[in-house]
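The next block holds one structure in the form of structure tokens; read it before the comments.
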Amino acid sequence: MSLISSLKHSIFVRIYAGLLIVCLCVALFAQLLMETINKERVQSYRENMATGAFYLISQGIDRQDSKSQRDYWLSDASSLFGSKFHIVPLQQVNFSSSELRRFEKGETVVRYDNKKNYADVYHRLQERDVALTVRIAQVTEQQVRALAVFLLDDMSYYTTLSAKRARLVDLEDKFPFPLALEGVNDLNLDSDQLARLRRDEVVILFQDTSTSQSNSSIRIIVPSEINDMAILMGPIPLFNWFPLNLIISMVLISMFLISLGVYALIFPLERKLQLIQVGVNEVSQGNLDSQVQVIGQDEIARLSATFNAMTSHIKRLIESQRELTRAVSHELRTPVARIRFAVDMLADTDDEDSRFMQRDYIDEDIEALNGLIDEILTYAKLEEGSPKLDLEPVNFKELIEQIVRETNALGKDIKIIGKPPSSKVTAIADRRYLHRVIQNLAGNALRYAESTIIISAGVRKGNAFVCVEDDGHGISEADREKVFIPFSRLDDSRTRASGGYGLGLSIVSRIAFWFSGNMKVDESPELSGARFTMTWPVKPLTQTIAADEITQEQSERTFG
């Protein structure tokens with residue numbers, strides 16, 4: 001498996017990449033959310049700050065008796081403010097429903113243009129069909145001092161101290177900061193500030209009580225008509241783009257979103273592990289038919305595939321051990337009985353020719369026992385686990401021609417027909433085991449064919465195949481699965497008289513399994529006898545074999 005493929009299917013890479021994507025998405029979302037929230041906060045801050053000032057200006061306009069006095073007062077206010085005030089009809093400006101609702105509440109509307117960096121401020125006058133408007137590029141000290149003058153002008157209409165205090169209480173509903181009438185000596189001003197205050201100048205104080213901007217504010221001290229008294233405006237909080245509560249909220253929201261993302265990444269893995277755990281519990285209780293269905297191509301999916309292959313293999317081993325124990329005990333009885341009989345005959349006869357004959361019988365039975373033991377060992381070796389497969393491209397044409405030569409060399413009166421593909425057709429396989437498969441199938445066909453055997457191979461739809469056909473009596477559908485069971489023999493023409501121990505096809509079936517293929521038998525369409533076909537992937541690098549090879553290599557390193 002290539003490095004790119006390994007990284008693509010690596011569960012750790014997927015988790016880390018997923019976490020990185022989740023963090024980037026959450027960071028982008030947090031930035032957008034922060035910008036959106038701050039956009040709304042700064043808009044609210046602008047409108048709240050402007051409402052009180054424009055309320056004072058509108059009150060000043062409404063107190064003028066004539067249009068000429070209004071125009072004169074508005075001209076002075078424009079000069080004092082540093083920006084030109086205008087009165088426009090409401091119908092001239094396309095206000096939204098939310099802006100109209102602000103007018104209904106007596107609040108100010110601020111339209112800020114981010115591209116041109118200025119704000120148009122609107123405040124509806126007492127005449128409900130017109131609005132006071134001004135364009136402000138930036139808030140300056142001149143405008144702050146103008147606000148103080150507008151406040152003094154409004155307070156001049158209230159002569160007594162109690163009336164002035166009551167007016168300030170009413171005005172606090174329009175301002176987002178407190179207003180109070182305080183004694184000058186209670187304001188903790190230095191000598192320079194006191195001197196400016198006595199000269200009827202507005203004093204602006206900046207206050208920063210900590211290193212955090214969240215506590216930064218200004219206070220405006222306005223001299224009043226009452227001796228030793230001044231109007232205190234503020235503290236007026238400066239706009240803070242990143243207040244502590246907003247940062248905490250964004251951190252909590254980000255942590256929550258990252259937690260959801262991590263849960264979405266981990267939950268499928270946890271679910272897969274739970275499925276494997278259920279399968280392990282089933283196997284531990286003796287249920288070897290349990291299969292774990294995990295979809296995917298990551299390590300857990302490959303682990304589940306290996307687990308399924310392991311349980312299937314354990315089940316086959318147990319069944320095979322039982323069958324092998326019964327079959328071996330049965331198969332050994334006949335040659336052992338014949339040997340015992342021949343030994344008894346040797347003891348009972350004095351004829352030398354008879355002794356030699358019995359000895360030959362004993363040799364034949366011993367040879368039969370040796371052959372049986374070799375077959376059993378080969379079968380047992382294939383059942384122990386995955387053999388060490390030397391996978392390589394195998395040329396079908398050369399292999400089929402070799403099998404035909406070797407089969408013809410046996411001297412049987414049977415016609416061997418080879419049908420190999422072109423010399424360019426190859427498939428990945430272990431040549432030694434593939435040679436044994438075809439050789440076993442050809443030897444099996446020789447015993448039952450009447451005149452002809454066909455040996456063929458090729459590649460079809462991504463699967464390689466080898467096929468051996470004969471013109472014998474064939475195998476009935478009911479018995480086709482039995483031929484691959486160890487020591488099984490059928491009751492038709494394929495009987496003991498034809499020789500063998502019933503292990504050849506079982507060995508072929510095991511080899512097909514380790515090639516990640518399958519073995520089947522049906523009727524030959526050309527010869528009408530039996531047709532044995534083994535198919536396997538052209539590149540049989542399955543999860544099962546790959547996992548088994550990794551396990552095998554680790555075991556060799558551990559115990560080697």
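Going by the structure tokens order, chains are called A, B, ..., each with residues numbered from 1, while ligands are numbered from 1 in the order shown.
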
If we count only C-alpha atoms and set the cut-off at 12 Å, which residues sit around region 157-169 of chain A, ignoring sequence neighbours fewer than 4 positions away in its own chain? Please answer as a PDB file with C-alpha atoms, in the first residue's frame.
```pdb
ATOM      1  CA  GLY A  52     -29.429  62.707  23.488  1.00  0.00           C
ATOM      2  CA  LEU A  56     -31.356  68.785  22.737  1.00  0.00           C
ATOM      3  CA  GLN A  59     -35.744  70.980  21.558  1.00  0.00           C
ATOM      4  CA  GLY A  60     -33.849  74.163  20.764  1.00  0.00           C
ATOM      5  CA  ARG A  63     -38.578  76.557  21.105  1.00  0.00           C
ATOM      6  CA  PHE A 150     -26.705  72.688  23.782  1.00  0.00           C
ATOM      7  CA  LEU A 151     -27.234  71.293  27.279  1.00  0.00           C
ATOM      8  CA  LEU A 152     -26.605  74.698  28.896  1.00  0.00           C
ATOM      9  CA  ASP A 153     -29.033  76.296  26.450  1.00  0.00           C
ATOM     10  CA  ASP A 173     -33.860  58.952  29.581  1.00  0.00           C
ATOM     11  CA  LYS A 174     -32.449  60.267  26.291  1.00  0.00           C
ATOM     12  CA  PHE A 175     -28.762  59.883  27.157  1.00  0.00           C
ATOM     13  CA  PHE A 177     -24.926  58.017  30.501  1.00  0.00           C
ATOM     14  CA  PRO A 178     -25.797  59.834  33.757  1.00  0.00           C
ATOM     15  CA  LEU A 179     -26.332  63.587  34.108  1.00  0.00           C
ATOM     16  CA  ALA A 180     -25.988  65.354  37.448  1.00  0.00           C
ATOM     17  CA  LEU A 181     -25.636  68.808  38.964  1.00  0.00           C
ATOM     18  CA  GLU A 182     -22.655  68.687  41.368  1.00  0.00           C
ATOM     19  CA  SER A 224     -23.677  76.206  35.117  1.00  0.00           C
ATOM     20  CA  GLU A 225     -25.410  79.481  35.908  1.00  0.00           C
ATOM     21  CA  ILE A 226     -25.385  78.622  39.595  1.00  0.00           C
ATOM     22  CA  ASN A 227     -22.250  79.600  41.473  1.00  0.00           C
ATOM     23  CA  MET A 229     -22.165  74.258  40.687  1.00  0.00           C
ATOM     24  CA  ALA A 230     -21.397  72.371  37.461  1.00  0.00           C
ATOM     25  CA  ILE A 231     -23.203  69.847  35.304  1.00  0.00           C
ATOM     26  CA  LEU A 232     -21.427  66.497  35.225  1.00  0.00           C
ATOM     27  CA  MET A 233     -21.985  64.430  32.076  1.00  0.00           C
TER      28      MET A 233
END
```

Checklist line | region 93-307 of chain A: residues DSSP assigns to helix (DSSP H, G or I), reported as a PyMOL selection string | finding: chain A and resi 97-104+141-155+161-171+184-187+191-198+213-215+244-284+299-307

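By only C-alpha atoms, and with residues fewer than 6 positions from region 72-79 of chain A along its chain excluded, the set lying at most 9 Å from it is Ile57, Gly60, Ile61, Gln64, Phe85, His86, Val134, Ala146 and Phe150 of chain A.
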
Kindly save the residues from that selection, with N, CA and C atoms included, as a PDB file, in the first residue's frame.
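Saved the output as selection.pdb:
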```
ATOM      1  N   ILE A  57     -30.881  69.406  20.411  1.00  0.00           N
ATOM      2  CA  ILE A  57     -30.943  70.323  19.266  1.00  0.00           C
ATOM      3  C   ILE A  57     -32.384  70.486  18.795  1.00  0.00           C
ATOM      4  N   GLY A  60     -34.206  72.772  21.034  1.00  0.00           N
ATOM      5  CA  GLY A  60     -33.849  74.163  20.764  1.00  0.00           C
ATOM      6  C   GLY A  60     -34.569  74.694  19.544  1.00  0.00           C
ATOM      7  N   ILE A  61     -34.706  73.899  18.513  1.00  0.00           N
ATOM      8  CA  ILE A  61     -35.412  74.322  17.301  1.00  0.00           C
ATOM      9  C   ILE A  61     -36.893  74.527  17.582  1.00  0.00           C
ATOM     10  N   GLN A  64     -38.140  77.863  19.088  1.00  0.00           N
ATOM     11  CA  GLN A  64     -38.092  79.093  18.304  1.00  0.00           C
ATOM     12  C   GLN A  64     -39.501  79.406  17.786  1.00  0.00           C
ATOM     13  N   PHE A  85     -26.346  71.592   9.613  1.00  0.00           N
ATOM     14  CA  PHE A  85     -27.616  70.929   9.883  1.00  0.00           C
ATOM     15  C   PHE A  85     -28.622  71.276   8.786  1.00  0.00           C
ATOM     16  N   HIS A  86     -29.481  70.310   8.461  1.00  0.00           N
ATOM     17  CA  HIS A  86     -30.538  70.511   7.478  1.00  0.00           C
ATOM     18  C   HIS A  86     -31.823  69.923   8.029  1.00  0.00           C
ATOM     19  N   VAL A 134     -27.674  65.732   9.671  1.00  0.00           N
ATOM     20  CA  VAL A 134     -26.336  66.268   9.548  1.00  0.00           C
ATOM     21  C   VAL A 134     -25.413  65.133   9.139  1.00  0.00           C
ATOM     22  N   ALA A 146     -19.806  71.390  21.789  1.00  0.00           N
ATOM     23  CA  ALA A 146     -21.097  71.878  21.300  1.00  0.00           C
ATOM     24  C   ALA A 146     -22.235  71.199  22.054  1.00  0.00           C
ATOM     25  N   PHE A 150     -25.292  73.004  24.013  1.00  0.00           N
ATOM     26  CA  PHE A 150     -26.705  72.688  23.782  1.00  0.00           C
ATOM     27  C   PHE A 150     -27.390  72.340  25.104  1.00  0.00           C
TER      28      PHE A 150
END
```

Check: In region 187-285 of chain A, what's strand (DSSP E or B) per DSSP? Answer as a ChimeraX atom specification?
Finding: /A:203-208,216-223,229-237

Output of the above residues as a short mmCIF file (atom, residue, chain, number, x, y, z; two decimals), in the first residue's frame, restricted to N, CA and C atoms:
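File written: result-v4.cif
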```
data_model
loop_
_atom_site.label_atom_id
_atom_site.label_comp_id
_atom_site.auth_asym_id
_atom_site.auth_seq_id
_atom_site.Cartn_x
_atom_site.Cartn_y
_atom_site.Cartn_z
N VAL A 203 -14.77 71.44 30.50
CA VAL A 203 -13.61 70.61 30.88
C VAL A 203 -13.92 69.16 30.52
N ILE A 204 -13.02 68.55 29.76
CA ILE A 204 -13.18 67.15 29.36
C ILE A 204 -12.12 66.33 30.08
N LEU A 205 -12.54 65.32 30.82
CA LEU A 205 -11.63 64.47 31.58
C LEU A 205 -11.65 63.05 31.01
N PHE A 206 -10.47 62.50 30.76
CA PHE A 206 -10.35 61.09 30.32
C PHE A 206 -10.03 60.23 31.54
N GLN A 207 -10.72 59.16 31.69
CA GLN A 207 -10.55 58.30 32.85
C GLN A 207 -10.26 56.88 32.38
N ASP A 208 -9.15 56.32 32.86
CA ASP A 208 -8.78 54.92 32.55
C ASP A 208 -8.32 54.30 33.85
N SER A 216 -12.41 52.36 30.16
CA SER A 216 -12.05 53.70 29.66
C SER A 216 -13.32 54.51 29.42
N SER A 217 -13.29 55.74 29.82
CA SER A 217 -14.45 56.61 29.68
C SER A 217 -14.00 58.07 29.74
N ILE A 218 -14.93 58.95 29.44
CA ILE A 218 -14.67 60.39 29.56
C ILE A 218 -15.79 61.01 30.39
N ARG A 219 -15.45 62.11 31.02
CA ARG A 219 -16.43 62.91 31.76
C ARG A 219 -16.38 64.34 31.23
N ILE A 220 -17.54 64.93 31.09
CA ILE A 220 -17.63 66.31 30.59
C ILE A 220 -18.22 67.17 31.72
N ILE A 221 -17.46 68.18 32.11
CA ILE A 221 -17.91 69.08 33.19
C ILE A 221 -18.28 70.42 32.55
N VAL A 222 -19.56 70.78 32.70
CA VAL A 222 -20.11 71.98 32.05
C VAL A 222 -20.42 73.02 33.13
N PRO A 223 -19.86 74.24 33.04
CA PRO A 223 -20.18 75.29 34.04
C PRO A 223 -21.65 75.68 33.95
N MET A 229 -21.47 75.47 41.14
CA MET A 229 -22.16 74.26 40.69
C MET A 229 -21.81 74.00 39.22
N ALA A 230 -21.70 72.75 38.85
CA ALA A 230 -21.40 72.37 37.46
C ALA A 230 -22.20 71.13 37.09
N ILE A 231 -22.48 71.03 35.80
CA ILE A 231 -23.20 69.85 35.30
C ILE A 231 -22.18 68.77 34.93
N LEU A 232 -22.34 67.62 35.51
CA LEU A 232 -21.43 66.50 35.23
C LEU A 232 -22.11 65.55 34.25
N MET A 233 -21.49 65.39 33.08
CA MET A 233 -21.98 64.43 32.08
C MET A 233 -21.05 63.21 32.07
N GLY A 234 -21.61 62.09 32.39
CA GLY A 234 -20.77 60.90 32.37
C GLY A 234 -20.65 60.23 33.72
N PRO A 235 -19.80 59.22 33.84
CA PRO A 235 -18.81 58.84 32.81
C PRO A 235 -19.45 58.28 31.54
N ILE A 236 -18.88 58.73 30.38
CA ILE A 236 -19.34 58.28 29.07
C ILE A 236 -18.41 57.16 28.61
N PRO A 237 -18.86 55.90 28.53
CA PRO A 237 -17.96 54.80 28.15
C PRO A 237 -17.54 54.90 26.69
#
```

Next item on the list: Go through A:Ala17, A:Met534, A:Val251, A:Ile507 and flag the residue nearest Ile376 (chain A), using only C-alpha atoms for the distances.
Entry: A:Ile507

Next item on the list: Tell me, as a list in words, which residues lie within 7 Å of Val294 (chain A), counting only C-alpha atoms; anything in the same chain fewer than 6 positions away does not count.
Entry: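 Near neighbours after the sequence-gap exclusion: Lys272, Ala301 and Ser304 of chain A.
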
Note to self: Report as a PyMOL selection string all protein, DNA and RNA residues lying within 8 Å of Ile417 (chain A), evaluated on only C-alpha atoms, omitting residues in the same chain fewer than 6 positions from it.
What the structure shows: chain A and resi 404+452-455

Note to self: From the options A:Gln285, A:Ser191, A:Gln291, A:Gln92, which residue's atoms come nearest to Thr306 (chain A), counting only C-alpha atoms?
What the structure shows: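 Using only C-alpha atoms, the shortest distance to Thr306 (chain A) belongs to A:Gln291.
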
Next item on the list: Name all residues at most 7 Å from Arg111 (chain A) (count only C-alpha atoms; drop same-chain ones fewer than 4 positions away) and give them as a PyMOL selection string.
Entry: chain A and resi 119-121

Next item on the list: Extract, using only C-alpha atoms, all DNA, RNA and protein residues at most 8 Å from Ile403 (chain A), discarding same-chain residues fewer than 3 positions from it, and format them as a ChimeraX atom specification.
Entry: /A:399-400,406-407,435,438-439

I need the chosen residues saved as a compact mmCIF listing (two decimals), in the first residue's frame, with N, CA and C atoms.
```txt
# COMPACT_ATOMS: atom_id res chain seq x y z
N LEU A 399 2.30 -21.40 -18.17
CA LEU A 399 1.87 -22.32 -17.13
C LEU A 399 0.98 -23.43 -17.70
N ILE A 400 0.03 -23.09 -18.57
CA ILE A 400 -0.87 -24.09 -19.16
C ILE A 400 -0.08 -25.06 -20.03
N GLU A 406 3.38 -31.94 -18.61
CA GLU A 406 3.52 -32.81 -17.44
C GLU A 406 2.40 -33.85 -17.39
N THR A 407 1.19 -33.48 -17.77
CA THR A 407 0.07 -34.43 -17.75
C THR A 407 0.23 -35.47 -18.84
N HIS A 435 0.28 -23.65 -9.75
CA HIS A 435 0.67 -24.86 -10.48
C HIS A 435 0.06 -26.09 -9.80
N ILE A 438 -3.81 -26.37 -10.64
CA ILE A 438 -4.11 -26.91 -11.97
C ILE A 438 -3.68 -28.37 -12.06
N GLN A 439 -2.54 -28.69 -11.43
CA GLN A 439 -2.05 -30.07 -11.46
C GLN A 439 -3.03 -31.00 -10.74
```

Margin query: Between CA of Val149 (chain A) and CA of Gly183 (chain A), what distance in Å does the model show, to one decimal?
Written below: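 Between CA of Val149 (chain A) and CA of Gly183 (chain A) the gap is 19.0 Å.
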